[in-house]
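See below for data-v5.txt, which holds compact mmCIF, C-alpha atoms.
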# COMPACT_ATOMS: atom_id res chain seq x y z
CA MET H 1 6.59 -21.00 16.64
CA PRO H 2 4.10 -21.35 13.79
CA ALA H 3 4.40 -19.67 10.43
CA SER H 4 2.61 -16.34 10.24
CA ARG H 5 2.96 -13.34 7.91
CA ARG H 6 6.40 -14.64 6.96
CA THR H 7 4.65 -17.36 4.97
CA ARG H 8 3.20 -14.64 2.78
CA ALA H 9 6.36 -12.59 2.37
CA ALA H 10 7.64 -14.41 -0.71
CA ARG H 11 4.24 -13.98 -2.42
CA ARG H 12 3.45 -10.38 -1.39
CA ALA H 13 4.87 -8.68 -4.49
CA VAL H 14 2.85 -10.91 -6.81
CA VAL H 15 -0.32 -10.34 -4.78
CA LEU H 16 0.06 -6.56 -4.79
CA LEU H 17 0.54 -6.60 -8.54
CA SER H 18 -2.73 -8.52 -8.87
CA VAL H 19 -4.47 -5.97 -6.66
CA THR H 20 -3.29 -3.13 -8.87
CA VAL H 21 -4.82 -4.85 -11.89
CA ALA H 22 -8.05 -5.50 -9.98
CA LEU H 23 -8.37 -1.84 -8.98
CA ALA H 24 -8.59 -0.88 -12.62
CA GLY H 25 -12.01 -2.59 -12.78
CA CYS H 26 -13.53 -0.83 -9.74
CA GLY H 27 -16.40 1.65 -10.00
CA ASP H 28 -18.70 -0.43 -12.24
CA ASP H 29 -22.36 0.48 -11.63
CA GLY H 30 -23.41 -3.14 -12.18
CA GLY H 31 -25.49 -2.58 -15.34
CA LEU H 32 -25.29 -4.80 -18.41
CA ARG H 33 -23.17 -3.51 -21.26
CA GLY H 34 -21.51 -4.85 -24.36
CA ALA H 35 -18.02 -6.16 -23.92
CA GLY H 36 -17.04 -5.34 -27.46
CA ALA H 37 -15.03 -7.60 -29.67
CA THR H 38 -13.65 -10.68 -27.99
CA PRO H 39 -9.88 -10.35 -27.72
CA THR H 40 -7.67 -12.98 -29.24
CA ALA H 41 -6.48 -15.49 -26.68
CA ILE H 42 -2.82 -15.09 -25.86
CA SER H 43 -0.86 -17.96 -24.40
CA PRO H 44 1.27 -17.36 -21.31
CA ALA H 45 4.73 -16.02 -22.06
CA ARG H 46 7.44 -18.08 -20.48
CA LEU H 47 10.18 -15.89 -19.07
CA TRP H 48 13.85 -16.74 -18.96
CA PRO H 49 13.62 -20.25 -20.44
CA GLU H 50 17.38 -20.57 -20.22
CA LEU H 51 17.25 -20.76 -16.42
CA THR H 52 17.81 -24.20 -14.95
CA PRO H 53 14.71 -25.21 -12.92
CA ALA H 54 15.38 -25.15 -9.19
CA SER H 55 15.46 -28.54 -7.49
CA SER H 56 15.06 -27.32 -3.89
CA PRO H 57 13.34 -24.35 -2.18
CA ALA H 58 15.38 -21.30 -1.25
CA PHE H 59 13.39 -20.64 1.92
CA ASN H 60 11.83 -22.92 4.50
CA LEU H 61 8.29 -21.57 4.92
CA GLY H 62 7.10 -24.39 7.15
CA GLU H 63 4.63 -25.82 4.66
CA VAL H 64 4.13 -29.04 6.62
CA ASP H 65 3.37 -28.79 10.32
CA ARG H 66 2.97 -32.15 12.02
CA GLU H 67 4.29 -32.75 15.49
CA VAL H 68 3.45 -35.05 18.37
CA VAL H 69 2.60 -33.04 21.48
CA LYS H 70 4.81 -34.28 24.29
CA GLY H 71 3.22 -35.03 27.62
CA VAL H 72 -0.43 -35.03 26.45
CA ALA H 73 -2.09 -38.42 25.89
CA VAL H 74 -5.37 -39.16 24.11
CA PRO H 75 -7.19 -41.74 26.29
CA GLY H 76 -8.77 -44.37 24.08
CA GLY H 77 -8.01 -42.29 20.99
CA ASP H 78 -10.91 -39.97 21.91
CA ILE H 79 -9.68 -36.42 21.29
CA ARG H 80 -12.67 -35.01 23.20
CA ALA H 81 -11.09 -36.46 26.32
CA VAL H 82 -8.05 -34.21 25.90
CA ASP H 83 -7.99 -31.13 28.11
CA PRO H 84 -7.42 -28.14 25.74
CA VAL H 85 -5.58 -26.31 28.52
CA ALA H 86 -3.07 -29.14 28.74
CA ALA H 87 -2.39 -28.85 25.00
CA VAL H 88 -1.64 -25.13 25.32
CA ARG H 89 0.49 -25.66 28.41
CA ALA H 90 2.54 -28.20 26.46
CA GLU H 91 3.18 -25.63 23.73
CA VAL H 92 4.18 -23.00 26.29
CA ALA H 93 6.62 -25.45 27.87
CA ALA H 94 8.07 -26.33 24.46
CA HIS H 95 8.71 -22.67 23.50
CA PRO H 96 10.04 -20.87 26.59
CA ASP H 97 11.59 -18.07 24.51
CA ASP H 98 8.11 -17.09 23.34
CA TYR H 99 6.26 -17.40 26.64
CA ALA H 100 8.61 -17.35 29.63
CA GLY H 101 10.21 -14.27 31.15
CA ASP H 102 9.49 -10.56 31.18
CA GLU H 103 10.88 -10.08 27.66
CA ALA H 104 8.98 -12.95 26.01
CA PRO H 105 6.54 -11.68 23.35
CA TYR H 106 3.63 -13.77 24.66
CA ARG H 107 4.44 -13.66 28.38
CA GLU H 108 0.92 -12.56 29.33
CA THR H 109 -0.57 -15.67 27.74
CA ALA H 110 1.57 -17.90 29.93
CA ARG H 111 0.68 -15.94 33.06
CA ARG H 112 -3.06 -16.02 32.39
CA LEU H 113 -3.07 -19.76 31.83
CA ALA H 114 -3.25 -19.92 35.62
CA ASP H 115 -6.86 -18.72 35.25
CA CYS H 116 -7.79 -21.64 33.00
CA PRO H 117 -9.54 -24.64 34.63
CA GLU H 118 -6.96 -27.26 33.69
CA GLY H 119 -8.21 -30.78 34.21
CA GLN H 120 -11.80 -29.58 34.61
CA ASP H 121 -14.26 -32.41 34.18
CA ARG H 122 -15.23 -32.55 30.51
CA GLN H 123 -18.94 -32.81 31.14
CA GLU H 124 -18.82 -29.90 33.56
CA ARG H 125 -16.96 -27.80 31.00
CA GLU H 126 -19.47 -28.68 28.29
CA ARG H 127 -22.43 -27.82 30.53
CA ALA H 128 -20.90 -24.45 31.39
CA GLN H 129 -20.33 -23.72 27.71
CA LYS H 130 -23.91 -24.59 26.82
CA GLN H 131 -25.18 -22.29 29.56
CA ARG H 132 -23.08 -19.41 28.21
CA GLN H 133 -24.45 -19.98 24.74
CA LYS H 134 -28.01 -20.17 26.04
CA ARG H 135 -27.57 -16.82 27.76
CA GLY H 136 -26.08 -15.37 24.60
CA GLU H 137 -22.78 -14.60 26.29
CA ARG H 138 -19.73 -14.04 24.13
CA GLN H 139 -16.25 -14.91 25.27
CA ASP H 140 -13.91 -11.94 25.62
CA PRO H 141 -10.38 -13.27 26.18
CA ASP H 142 -8.94 -9.74 26.16
CA ALA H 143 -10.97 -8.75 29.21
CA GLY H 144 -8.76 -10.81 31.53
CA GLY H 145 -8.79 -14.38 32.71
CA CYS H 146 -8.15 -17.49 30.66
CA PRO H 147 -6.82 -16.66 27.15
CA LEU H 148 -8.29 -19.80 25.55
CA LEU H 149 -11.20 -19.59 23.13
CA GLU H 150 -13.90 -22.25 23.01
CA PRO H 151 -12.68 -25.46 21.33
CA TYR H 152 -14.40 -26.95 18.29
CA TYR H 153 -14.57 -30.57 17.20
CA ARG H 154 -14.96 -31.50 13.56
CA ASP H 155 -13.72 -34.23 11.24
CA LEU H 156 -11.12 -32.49 9.09
CA THR H 157 -9.20 -35.57 7.96
CA GLY H 158 -12.07 -37.67 6.62
CA ASP H 159 -11.47 -40.63 8.93
CA GLY H 160 -14.83 -40.28 10.67
CA ARG H 161 -13.32 -39.00 13.92
CA PRO H 162 -13.26 -35.34 15.03
CA GLU H 163 -10.16 -33.19 15.21
CA LEU H 164 -9.68 -30.53 17.88
CA THR H 165 -9.55 -26.95 16.59
CA LEU H 166 -8.18 -24.69 19.29
CA GLY H 167 -7.63 -20.96 19.62
CA PHE H 168 -5.92 -18.83 22.23
CA ARG H 169 -4.84 -15.22 22.48
CA LEU H 170 -1.16 -14.33 22.23
CA LEU H 171 -0.82 -11.51 24.72
CA PRO H 172 0.10 -8.71 25.06
CA GLU H 173 0.66 -8.73 21.28
CA LYS H 174 -3.11 -9.08 20.62
CA LEU H 175 -2.60 -11.88 18.12
CA THR H 176 -4.51 -15.16 17.97
CA ALA H 177 -3.01 -18.63 17.72
CA VAL H 178 -4.92 -21.21 15.68
CA ARG H 179 -4.09 -24.87 16.22
CA VAL H 180 -5.55 -28.12 14.86
CA TYR H 181 -4.86 -31.45 16.58
CA THR H 182 -5.69 -35.01 15.67
CA ALA H 183 -5.47 -38.27 17.59
CA ASP H 184 -2.78 -40.63 16.32
CA ARG H 185 -3.67 -43.73 18.29
CA GLU H 186 -3.33 -42.34 21.82
CA ARG H 187 -0.93 -39.53 20.93
CA LEU H 188 -2.02 -35.93 20.46
CA THR H 189 -0.59 -34.68 17.17
CA ARG H 190 -0.65 -31.11 15.92
CA ILE H 191 -1.39 -30.89 12.18
CA MET H 192 -1.73 -27.13 11.68
CA ALA H 193 -0.49 -23.95 13.34
CA TYR H 194 -0.88 -20.27 12.50
CA ASP H 195 -0.53 -16.99 14.43
CA ASP H 196 -1.83 -13.62 13.24
CA ALA H 197 -4.20 -10.73 13.81
CA LEU H 198 -7.46 -12.36 12.74
CA SER H 199 -10.76 -11.05 11.43
CA GLY H 200 -12.41 -14.46 11.01
CA VAL H 201 -11.98 -18.23 11.08
CA GLU H 202 -14.15 -20.83 9.32
CA LEU H 203 -14.26 -24.60 9.00
CA ALA H 204 -15.40 -25.91 5.62
CA GLU H 205 -15.28 -29.61 4.73
CA ARG H 206 -11.58 -30.58 5.11
CA SER H 207 -10.33 -27.00 5.35
CA VAL H 208 -9.59 -24.25 7.84
CA ILE H 209 -10.08 -20.76 6.38
CA ILE H 210 -8.52 -17.74 8.07
CA ARG H 211 -9.19 -14.10 7.22
CA SER H 212 -6.73 -11.43 8.35
CA PRO H 213 -6.64 -7.64 7.98
CA SER H 214 -4.45 -6.23 5.24
CA GLU H 215 -2.28 -3.13 5.17
CA VAL H 216 -3.98 -2.25 1.86
CA ALA H 217 -7.19 -0.29 2.45
CA GLY H 218 -10.32 -2.19 1.42
CA TYR H 219 -8.62 -5.60 1.22
CA GLU H 220 -8.04 -8.58 3.47
CA TYR H 221 -5.99 -11.76 3.34
CA ARG H 222 -7.76 -15.09 2.97
CA LEU H 223 -5.68 -18.17 3.71
CA GLN H 224 -6.92 -21.74 3.48
CA TRP H 225 -5.36 -24.88 4.93
CA THR H 226 -6.61 -28.22 3.60
CA TRP H 227 -5.97 -31.74 4.86
CA ASP H 228 -3.45 -33.63 2.74
CA PRO H 229 -3.49 -37.41 3.29
CA ASP H 230 0.01 -37.87 1.86
CA GLN H 231 1.66 -35.36 4.21
CA ARG H 232 -0.81 -36.19 6.99
CA ALA H 233 -1.08 -32.50 7.81
CA MET H 234 -3.05 -29.38 6.88
CA LEU H 235 -1.28 -27.66 3.97
CA LEU H 236 -1.63 -24.01 2.96
CA THR H 237 -3.49 -24.45 -0.34
CA HIS H 238 -4.75 -20.89 -0.97
CA ASP H 239 -3.21 -17.52 -0.12
CA GLU H 240 -5.19 -14.60 -1.52
CA MET H 241 -5.76 -10.89 -1.10
CA LEU H 242 -9.46 -10.12 -1.57
CA ARG H 243 -11.49 -6.93 -1.65
CA THR H 244 -13.75 -6.52 1.38
CA GLY H 245 -16.21 -4.20 -0.37
CA GLY H 246 -15.56 -1.19 1.85
CA SER H 247 -13.90 2.03 0.78
CA ALA H 248 -11.55 1.90 3.70
CA HIS H 249 -10.11 -0.78 5.92
CA PRO H 250 -8.38 -0.37 9.27
CA ARG H 251 -4.71 -1.15 9.38
CA SER H 252 -3.99 -4.49 10.94
CA PRO H 253 -2.26 -4.91 14.29
CA GLN H 254 1.30 -5.70 13.32
CA PRO H 255 3.11 -8.68 14.82
CA SER H 256 6.20 -7.65 16.73
CA ARG H 257 8.26 -10.21 14.84
CA SER H 258 7.95 -12.84 12.17
CA ALA H 259 6.61 -16.09 13.51
CA GLN H 260 8.41 -19.29 12.64
CA PRO H 261 7.25 -22.80 11.85
CA GLY H 262 6.82 -24.96 14.87
CA GLY H 263 4.20 -25.47 17.14
CA PRO H 264 -2.37 -25.68 15.99
CA SER H 265 -8.29 -23.86 17.73
CA ASP H 266 -11.04 -21.87 16.59
CA SER H 267 -11.48 -18.14 16.54
CA PRO H 268 -14.78 -16.46 17.39
CA GLY H 269 -14.73 -14.66 14.04
CA ARG H 270 -16.13 -17.57 12.01
CA SER H 271 -18.71 -16.57 9.40
CA ALA H 272 -19.73 -19.98 8.16
CA ALA H 273 -21.61 -22.48 10.28
CA PRO H 274 -18.86 -24.71 11.68
CA GLU H 275 -19.22 -27.90 13.63
CA PRO H 276 -20.98 -27.41 16.99
CA PRO H 277 -18.56 -26.44 19.76
CA ALA H 278 -17.40 -28.62 22.58
CA GLY H 279 -20.22 -30.48 24.21
CA ALA H 280 -22.55 -30.39 21.23
CA PRO H 281 -23.72 -33.81 20.08
What is this file in structure tokens?
Amino acid sequence: MPASRRTRAARRAVVLLSVTVALAGCGDDGGLRGAGATPTAISPARLWPELTPASSPAFNLGEVDREVVKGVAVPGGDIRAVDPVAAVRAEVAAHPDDYAGDEAPYRETARRLADCPEGQDRQERERAQKQRQKRGERQDPDAGGCPLLEPYYRDLTGDGRPELTLGFRLLPEKLTAVRVYTADRERLTRIMAYDDALSGVELAERSVIIRSPSEVAGYEYRLQWTWDPDQRAMLLTHDEMLRTGGSAHPRSPQPSRSAQPGGPSDSPGRSAAPEPPAGAP
């Protein structure tokens, strides 16, 4: 399964130290004031120079996620012709420990896929989506039925063709899976995967930006994946803890286990103006 909070574990101590320093500057009323004498610049202090630089990583954090999706073709290389339900079904089939059986953490997702219109005519699906948007209806995947969120199509690799950004709920854990797929000739290839409790998802140029609740009151995580042409995948290029501006912040729903690299959608919590959803010209 995709990397999740485990990706942040090795960085958490450094991030929390930065937060402690940032808290010291809180409470400013915003008025102009003199900064006093400019301090003398101090160069970074290199610690333990006698250590031999490491030549390989100690932990596999799943930095590169690129995998051909078995059993799902891309007719004519047009990723809009791919049924999103088929892509999710392929992931479920590839990870039975996560989805199959009464003890699987995401068993409800697999069961509710039966409510998804697999193989539905693309034009019919796009018309239905436009009608929902026209009526101002919002999708509520936790209310029952199909766990998939509306797909988005946007060029994230810079080749002039759209990628498929897909999202679906991981139930009953109340997490959200984010997946990005591209068309490699007529093969569907996943180039990004992430699972977490989300507060927002955005598409910006060649990046996918995900915001997640933090255990620290008044802060949230902001993670950014950016297309890398050398690795031919979306790489995690920014991992930050940012202040939300509020005095308090609800504790995040905690994953029942650490997700693992493996298997990429769009969440309804986007705050920027992403590419029009499926069916938009």
Problem set entry | Nearest candidate to Thr109 of chain H (options H:Tyr153, H:Phe59, H:Phe168, H:Trp48; using only C-alpha atoms) | H:Phe168
For this session: Kindly give the distance, in Å, that separates atom CA of Trp227 of chain H and atom CA of Glu186 of chain H, rounded to a single decimal.
Result: 20.2 Å
Problem set entry | Using all atoms listed in the file: which of H:Val178, H:Leu164, H:Val88, H:Leu156 has the shortest distance to Arg232 of chain H | H:Leu156
For this session: Have a look at H:Ala93, H:Leu166, H:Ala204, H:Ala114 and name the one nearest to Thr182 of chain H; count all atoms listed in the file.
Result: H:Leu166
Exercise. Excluding same-chain residues fewer than 4 positions from segment 237-244 of chain H, what lies within 7 Å of it counting all atoms listed in the file, as number ranges by chain?
Worked result: H: 15, 218-226
Atoms kept (C-alpha atoms) for selection, written as a PDB file, in the coordinates of the input:
ATOM      1  CA  VAL H  15      -0.320 -10.340  -4.780  1.00  0.00           C
ATOM      2  CA  GLY H 218     -10.320  -2.190   1.420  1.00  0.00           C
ATOM      3  CA  TYR H 219      -8.620  -5.600   1.220  1.00  0.00           C
ATOM      4  CA  GLU H 220      -8.040  -8.580   3.470  1.00  0.00           C
ATOM      5  CA  TYR H 221      -5.990 -11.760   3.340  1.00  0.00           C
ATOM      6  CA  ARG H 222      -7.760 -15.090   2.970  1.00  0.00           C
ATOM      7  CA  LEU H 223      -5.680 -18.170   3.710  1.00  0.00           C
ATOM      8  CA  GLN H 224      -6.920 -21.740   3.480  1.00  0.00           C
ATOM      9  CA  TRP H 225      -5.360 -24.880   4.930  1.00  0.00           C
ATOM     10  CA  THR H 226      -6.610 -28.220   3.600  1.00  0.00           C
TER      11      THR H 226
END
Exercise. So which residues touch Pro105 of chain H within 8 Å, counting all atoms listed in the file, skipping near sequence neighbours fewer than 2 positions away, as a VMD selection string?
Worked result: chain H and resid 98 to 99 103 107 171 to 173 256
Exercise. Which value, in Å to one decimal, gives the distance between atom CA of Arg185 of chain H and atom CA of Val68 of chain H?
Worked result: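 Distance between the two atoms: 11.2 Å.
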